[in-house]
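A short write-up of the structure that comes next.
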Number of protein chains: 4
Amino acid sequence: MYNLLKGKKGIIFGALNEDSIAWKVAERAHEEGASFVLTNAPIAMRMGAINELAEKTGSKIIPADATSMEDLEKLVTESMEILGGKIDFVLHSIGMSINVRKGKHYTDSNYDFTHKGFDVSALSFHRVMNVLYNKKAMNEWGSVVALTYMAAQRVFPDYNDMADNKAYLESIARSFGYFFGRDHKVRVNTISQSPTPTTAGSGVKGFEGFLSYADKMSPLGNATALDCADYTITLFSDLTRKVTLQNLFHDGGFSNMGVSDVIMENFMGEEE
Amino acid sequence: MYNLLKGKKGIIFGALNEDSIAWKVAERAHEEGASFVLTNAPIAMRMGAINELAEKTGSKIIPADATSMEDLEKLVTESMEILGGKIDFVLHSIGMSINVRKGKHYTDSNYDFTHKGFDVSALSFHRVMNVLYNKKAMNEWGSVVALTYMAAQRVFPDYNDMADNKAYLESIARSFGYFFGRDHKVRVNTISQSPTPTTAGSGVKGFEGFLSYADKMSPLGNATALDCADYTITLFSDLTRKVTLQNLFHDGGFSNMGVSDVIMENFMGEEE
Amino acid sequence: MYNLLKGKKGIIFGALNEDSIAWKVAERAHEEGASFVLTNAPIAMRMGAINELAEKTGSKIIPADATSMEDLEKLVTESMEILGGKIDFVLHSIGMSINVRKGKHYTDSNYDFTHKGFDVSALSFHRVMNVLYNKKAMNEWGSVVALTYMAAQRVFPDYNDMADNKAYLESIARSFGYFFGRDHKVRVNTISQSPTPTTAGSGVKGFEGFLSYADKMSPLGNATALDCADYTITLFSDLTRKVTLQNLFHDGGFSNMGVSDVIMENFMGEEE
Amino acid sequence: MYNLLKGKKGIIFGALNEDSIAWKVAERAHEEGASFVLTNAPIAMRMGAINELAEKTGSKIIPADATSMEDLEKLVTESMEILGGKIDFVLHSIGMSINVRKGKHYTDSNYDFTHKGFDVSALSFHRVMNVLYNKKAMNEWGSVVALTYMAAQRVFPDYNDMADNKAYLESIARSFGYFFGRDHKVRVNTISQSPTPTTAGSGVKGFEGFLSYADKMSPLGNATALDCADYTITLFSDLTRKVTLQNLFHDGGFSNMGVSDVIMENFMGEEE
């Protein structure tokens, strides 16, 4: 709509289906004039409708396991070939807790699951930047964004080890962002998004009730996946070049609420 | 350049001269298709070159003392008349410490000066929103931004009572932002900007050295006034509708640095 | 009980009645071997039972308006005479919003009330430290504590301008704490306490319901006034000498909760 | 000195030698009347002088690999037998980066090293609490403390993956602390300590210079290992029962400094 990303080249991780935030980012990036490569884990892509998105946005798909350095190196090399140059923006939207999937309570973790979820959800972000940095694959003033959630700062009891993984992910953004900024003028930030009814989010217990709670706590209501895509576009654009190492809350105000009037009313409801 | 603010109407406080961040915001908002009213304190305007800016951007000027409810009510009413409708965006870029100007050390404040500086630098933001809110002068999904500085969170010894005023200002953004969001779908945020060589900033003791320190601490270097204007435009645009109650660091990464390699080298320098 | 404050001398502001946190601090400080002066605003003391507390703890009372430099200078000078030496600890527990008392909504503040409340609730903390610092009235490794509330960071809609005042107060702790630490080895911190059913707290609308909400959100429940006194004692003791410029949450965990299971259950209650 | 821990029983991880913070905590806990078990990794204990500490404090030593559930279960069971009841306090002071030891730069991590360091430095804290929680081994109002460093929030370029591990550790404190508080009234906090010249700390490149930098930035100077032990004692005592889920900075004020006068002078030095 605005040509905010005209001529920019990117890599987008994590577009599973049309509920995915990454899917919306791809659609919006396309509208704003970007070209990009779509990628996802081979196993996830069999489930998804990613071909449809690729067609719609004129993109290539390169499957890659984000825990495999070999896959990531191939992804980055081929992406530069396909797009005809270095990369301007990267979206990391990857997260998965096997403890959650297998119904293991946080106080009774299976640590093999914990390690595996950590590798996929957090360390993958380090691997992606490692490859981009060492291949000098990013243009100056490029932008890397990862999606995260406020469970990294505060307790949401059902978020399990994803909370800790997101804390690690946000730390990687700072730690790697320093070197990426200093050496290549690339900025690195995380967006801490409202709970969003994606396939991943929906796996969390009691998710519907929690969505409603968050919506009522937030003065502007929950941010949707499309809202998040719009915001991500601004972080990929040239208008935010000096924003780096930040964790940016995109949540209708939730993060700075102690309590809202609506929540207090609901909470008091049953006592009337 | 992108028509990001096409058709939007605004009020911009604080454009003193071409070094001012507000000046750059006005220029950029004009380029992005906005129309707006410029305002400043009557006393400040006599010093400034604001007529030139008004001419360049096709804007009207309405002098207003931001500590006077009468002036602010007149400003808002007339702005809506001039612009032909409700307001979409407001920039608050106002700050002044009389203790600093008069050379009073922080540990030896003149409390009349403190009250006056507080009124101008912090409470003015409440007054502006009070008038906008009660006059229902903002369009839904409008955006209010105030400029602030990280001295609100951490000690910069020469920043004096401006540090405390900025902490109060940021609190107003949250407190008023809640009601403005809940009732009128208006978002309120502050931008915590790098030290910037404006007329106001330059008043702080040892400012040149401090600029250099901040620049060397920040992986992307200090954000300039123009960078800040670009960032402000994104917050006025429709792409950031669900960002509210936030204090957003725009500082090349300074805020999340413990120490940089360059600072450590400089610091160790004299010991070699 | 532990002689943690044996031989230490202090000044305690704000003991109104036996519900006051300052009252509990006085009782606990006495038990731990401290001697101190009690002080409060002349107007507040007429309402209070402070004579009883003075008798119980063997303390003198010196009335002082915390917005009057003259009163504060007299207080500090006389306290050193009475206690026989410099001061080791100071508690600031002062807060009052005239806007709240007069029923003015936050979006419709009376700014004379705002200034007055700011003077009493926030700037008084600066004045107290100003007098202590310039009179060199504190011993090395002395400790200054002010009580605050989390509304300084997050929105609690009925907290009105006390939220902003507490943000300013916490900023003073950092700003003044730097000079007090650097020059006199005195530490300055704030305790951000659970909502507490004191005379002051009870003035906030819907306070009972809010107490219950906070209690159910906090994994350890709300901290009581006595809990807060115990914690304050540790901050006055020699065991916390290197803690300074901090805002310390003392709230059963509330501050780092996103949502608790009990709150979600209550919240969902009416939908069953 | 104060009998603050009279009759309390604890487990102390990580006393390697007399420079260790855990060593000082053991000495101070002993002085305050506690009895406890000392533990460390079998490999670390061969290097250490822990027998001397055990003798001095009348403690038993139980070697345990903190990444082994079997070892930890044995440790907790035997500790309760030795101490004659449930546990009141636990100190986790464990951290190690193989990437640092092997000289791998952060942008060129060996991910096997990363996983191993993560397991030892971060996940061990979860394992310890898992065993304590599921064995119901803690008394009500018990206290668990882990040591951390501010690299979890801000960039210190040489801290490598320890920064990210500490971010994960601090998240575990919140996530597990919720359940431990809700179910067993146990509090869980982390202390974010000044850089300290321990065996572990000294492994970081340029550590001496960094110690000096931190000392000059902090209004009260760096906190020593003994200072940290004193502070830890307060968190184990009954005076801090409602403090939980917190990350507590114990650093002479460093964490809330933007810049100090001394640092600015040093920084400007070479330009004179």
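To be explicit about the labels: the chains of the structure tokens are called A, B, and onward in the order shown, and within each one the residues are counted from 1, while ligands get numbers from 1 in the order they are shown.
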(Q) Quick check: residues of chain D within 9 Å of chain B, only C-alpha atoms, returned as a ChimeraX atom specification. (A) /D:150-151,153-158,209-210,213,255-261,263-264,266-270
Those residues you just picked out, can you put them in a file as an mmCIF file, in the first residue's frame with C-alpha atoms?
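Contents of out.cif, freshly written:
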```cif
data_model
loop_
_atom_site.group_PDB
_atom_site.id
_atom_site.type_symbol
_atom_site.label_atom_id
_atom_site.label_comp_id
_atom_site.auth_asym_id
_atom_site.auth_seq_id
_atom_site.Cartn_x
_atom_site.Cartn_y
_atom_site.Cartn_z
ATOM 1 C CA MET D 150 23.031 -8.349 34.573
ATOM 2 C CA ALA D 151 24.211 -9.647 31.202
ATOM 3 C CA GLN D 153 19.322 -7.751 30.584
ATOM 4 C CA ARG D 154 22.112 -5.849 28.869
ATOM 5 C CA VAL D 155 25.005 -6.536 26.563
ATOM 6 C CA PHE D 156 28.457 -7.232 27.995
ATOM 7 C CA PRO D 157 30.299 -8.353 24.869
ATOM 8 C CA ASP D 158 32.608 -10.908 26.485
ATOM 9 C CA GLY D 209 39.460 -3.854 33.464
ATOM 10 C CA PHE D 210 35.799 -4.614 33.587
ATOM 11 C CA TYR D 213 34.801 -0.039 35.046
ATOM 12 C CA SER D 255 22.138 -1.403 37.181
ATOM 13 C CA ASN D 256 20.412 1.958 37.332
ATOM 14 C CA MET D 257 23.311 4.071 36.177
ATOM 15 C CA GLY D 258 23.393 5.646 32.721
ATOM 16 C CA VAL D 259 26.845 7.067 33.316
ATOM 17 C CA SER D 260 28.761 8.246 36.385
ATOM 18 C CA ASP D 261 30.904 11.346 36.693
ATOM 19 C CA ILE D 263 33.401 7.210 34.055
ATOM 20 C CA MET D 264 32.823 10.370 32.031
ATOM 21 C CA ASN D 266 37.991 8.639 32.533
ATOM 22 C CA PHE D 267 36.353 8.469 29.145
ATOM 23 C CA MET D 268 37.269 12.059 28.352
ATOM 24 C CA GLY D 269 40.776 11.579 29.707
ATOM 25 C CA GLU D 270 42.631 11.020 26.492
#
```
Q: Identify all residues of range 22-255 of chain B in helix (DSSP H, G or I) (DSSP on the backbone) and supply them as a PyMOL selection string.
A: chain B and resi 22-31+42-47+50-57+69-83+98-101+106-108+111-134+150-152+157-159+161-184+201-203+207-217+225-236+238-240+254-255
**Q.** Close residues, range 26-42 of chain D itself excluded, 7 Å, only C-alpha atoms, min 4 positions apart in chain, as a ChimeraX atom specification
**A.** /D:1-15,22,46,57,59-66,79,83,229-230,233
Could you turn the residues from that selection into a file that holds N, CA and C atoms, as a compact mmCIF listing (two decimals), in the first residue's frame?
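For reference, part_33.txt as written:
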```
# COMPACT_ATOMS: atom_id res chain seq x y z
N MET D 1 26.02 -13.74 63.70
CA MET D 1 26.05 -12.47 64.42
C MET D 1 24.67 -12.08 64.95
N TYR D 2 23.61 -12.43 64.17
CA TYR D 2 22.26 -12.01 64.57
C TYR D 2 21.33 -13.21 64.84
N ASN D 3 21.84 -14.42 64.63
CA ASN D 3 20.96 -15.60 64.71
C ASN D 3 19.80 -15.54 63.72
N LEU D 4 20.05 -14.92 62.57
CA LEU D 4 18.97 -14.77 61.60
C LEU D 4 18.50 -16.10 61.03
N LEU D 5 19.38 -17.09 61.01
CA LEU D 5 19.01 -18.38 60.42
C LEU D 5 19.01 -19.50 61.46
N LYS D 6 18.81 -19.12 62.71
CA LYS D 6 18.86 -20.11 63.80
C LYS D 6 17.90 -21.27 63.54
N GLY D 7 18.44 -22.46 63.54
CA GLY D 7 17.61 -23.65 63.36
C GLY D 7 17.25 -23.95 61.92
N LYS D 8 17.68 -23.13 60.99
CA LYS D 8 17.31 -23.38 59.59
C LYS D 8 18.29 -24.36 58.94
N LYS D 9 17.73 -25.10 57.99
CA LYS D 9 18.48 -26.15 57.29
C LYS D 9 18.59 -25.80 55.81
N GLY D 10 19.76 -26.01 55.24
CA GLY D 10 19.91 -25.62 53.85
C GLY D 10 20.78 -26.52 53.02
N ILE D 11 20.77 -26.26 51.72
CA ILE D 11 21.69 -26.90 50.78
C ILE D 11 22.38 -25.79 49.99
N ILE D 12 23.69 -25.84 49.93
CA ILE D 12 24.47 -24.80 49.25
C ILE D 12 25.27 -25.41 48.11
N PHE D 13 24.90 -24.99 46.90
CA PHE D 13 25.62 -25.44 45.69
C PHE D 13 26.72 -24.45 45.33
N GLY D 14 27.89 -24.96 44.97
CA GLY D 14 28.83 -24.13 44.24
C GLY D 14 29.98 -23.52 45.02
N ALA D 15 30.25 -24.02 46.26
CA ALA D 15 31.40 -23.49 46.99
C ALA D 15 32.67 -24.17 46.49
N ALA D 22 29.44 -18.69 47.05
CA ALA D 22 28.79 -19.76 47.82
C ALA D 22 29.59 -20.08 49.09
N ARG D 46 37.09 -32.04 43.29
CA ARG D 46 38.47 -32.48 43.34
C ARG D 46 39.42 -31.28 43.28
N THR D 57 32.47 -25.31 59.14
CA THR D 57 31.05 -25.01 59.36
C THR D 57 30.30 -26.23 59.88
N SER D 59 29.72 -29.08 58.44
CA SER D 59 28.80 -29.53 57.38
C SER D 59 29.26 -30.82 56.74
N LYS D 60 28.30 -31.54 56.20
CA LYS D 60 28.60 -32.68 55.36
C LYS D 60 28.70 -32.21 53.90
N ILE D 61 29.42 -33.00 53.13
CA ILE D 61 29.52 -32.74 51.69
C ILE D 61 28.88 -33.89 50.95
N ILE D 62 28.02 -33.56 49.99
CA ILE D 62 27.45 -34.60 49.13
C ILE D 62 27.72 -34.19 47.69
N PRO D 63 28.63 -34.88 47.01
CA PRO D 63 28.88 -34.53 45.61
C PRO D 63 27.63 -34.79 44.77
N ALA D 64 27.36 -33.91 43.82
CA ALA D 64 26.21 -34.13 42.93
C ALA D 64 26.43 -33.37 41.63
N ASP D 65 26.21 -34.06 40.55
CA ASP D 65 26.20 -33.43 39.24
C ASP D 65 24.82 -32.81 39.06
N ALA D 66 24.77 -31.49 38.96
CA ALA D 66 23.47 -30.79 38.94
C ALA D 66 22.71 -31.01 37.64
N SER D 79 20.27 -35.17 52.29
CA SER D 79 20.35 -33.91 53.04
C SER D 79 19.30 -33.86 54.13
N LEU D 83 20.26 -33.52 57.98
CA LEU D 83 19.85 -32.30 58.68
C LEU D 83 18.67 -32.55 59.61
N ALA D 229 27.04 -12.42 50.28
CA ALA D 229 26.66 -13.41 51.28
C ALA D 229 25.73 -12.78 52.32
N ASP D 230 26.08 -11.59 52.77
CA ASP D 230 25.22 -10.89 53.73
C ASP D 230 23.81 -10.70 53.16
N ILE D 233 21.82 -13.87 53.04
CA ILE D 233 21.30 -14.23 54.36
C ILE D 233 19.94 -13.57 54.61
```
**Q.** Separation of CA of Gly252 in chain C from CA of Tyr149 in chain A in Å
**A.** 23.2 Å
Q: Quote the spacing between CA of Lys242 in chain D and CA of Gln246 in chain C in Å to one decimal place.
A: 17.2 Å
Q) In Å to one decimal, how far is CA of Val145 in chain A from CA of Ala163 in chain D? A) 19.6 Å
(Q) Please identify the strand (DSSP E) residues within range 16-233 of chain D (assignment by DSSP from backbone atoms) and present them as a PyMOL selection string. (A) chain D and resi 35-39+60-61+87-92+138-148+187-193
Okay, now the selection with C-alpha atoms, as a JSON list (two decimals), in the first residue's frame?
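File produced: part-v2.json:
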```json
[["chain", "number", "residue", "atom", "x", "y", "z"],
["D", 35, "SER", "CA", 23.07, -26.07, 59.42],
["D", 36, "PHE", "CA", 23.48, -27.16, 55.82],
["D", 37, "VAL", "CA", 24.87, -29.58, 53.31],
["D", 38, "LEU", "CA", 27.54, -28.49, 50.84],
["D", 39, "THR", "CA", 27.43, -29.80, 47.32],
["D", 60, "LYS", "CA", 28.60, -32.68, 55.36],
["D", 61, "ILE", "CA", 29.52, -32.74, 51.69],
["D", 87, "ILE", "CA", 14.98, -27.81, 53.85],
["D", 88, "ASP", "CA", 14.56, -24.07, 54.54],
["D", 89, "PHE", "CA", 16.97, -22.56, 52.07],
["D", 90, "VAL", "CA", 18.86, -23.43, 48.91],
["D", 91, "LEU", "CA", 21.60, -21.52, 47.10],
["D", 92, "HIS", "CA", 22.21, -22.22, 43.42],
["D", 138, "MET", "CA", 11.03, -27.65, 51.43],
["D", 139, "ASN", "CA", 9.44, -26.23, 54.56],
["D", 140, "GLU", "CA", 6.73, -23.60, 54.15],
["D", 141, "TRP", "CA", 8.22, -20.14, 53.79],
["D", 142, "GLY", "CA", 11.46, -21.65, 52.59],
["D", 143, "SER", "CA", 13.66, -19.65, 50.25],
["D", 144, "VAL", "CA", 15.49, -20.56, 47.06],
["D", 145, "VAL", "CA", 18.10, -18.17, 45.66],
["D", 146, "ALA", "CA", 20.13, -18.41, 42.46],
["D", 147, "LEU", "CA", 22.99, -16.13, 41.53],
["D", 148, "THR", "CA", 22.83, -14.34, 38.21],
["D", 187, "ARG", "CA", 9.84, -18.18, 47.52],
["D", 188, "VAL", "CA", 12.27, -18.13, 44.61],
["D", 189, "ASN", "CA", 14.49, -15.19, 43.68],
["D", 190, "THR", "CA", 17.70, -14.43, 41.85],
["D", 191, "ILE", "CA", 20.45, -12.06, 42.98],
["D", 192, "SER", "CA", 22.09, -10.15, 40.17],
["D", 193, "GLN", "CA", 25.50, -9.54, 41.63]]
```
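The neighbours of Thr234 in chain C here are the residues that come within 8 Å of it, using only C-alpha atoms and leaving out any residue fewer than 4 positions away in the same chain; they are Leu4, Asp230, Asp238, Leu239 and Thr240 of chain C; Thr234 and Leu239 of chain D.
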**Q.** Residue nearest Asp215 in chain B among B:Thr199, B:Asn110, B:Ser194, B:Thr232 (counting only C-alpha atoms)
**A.** B:Ser194
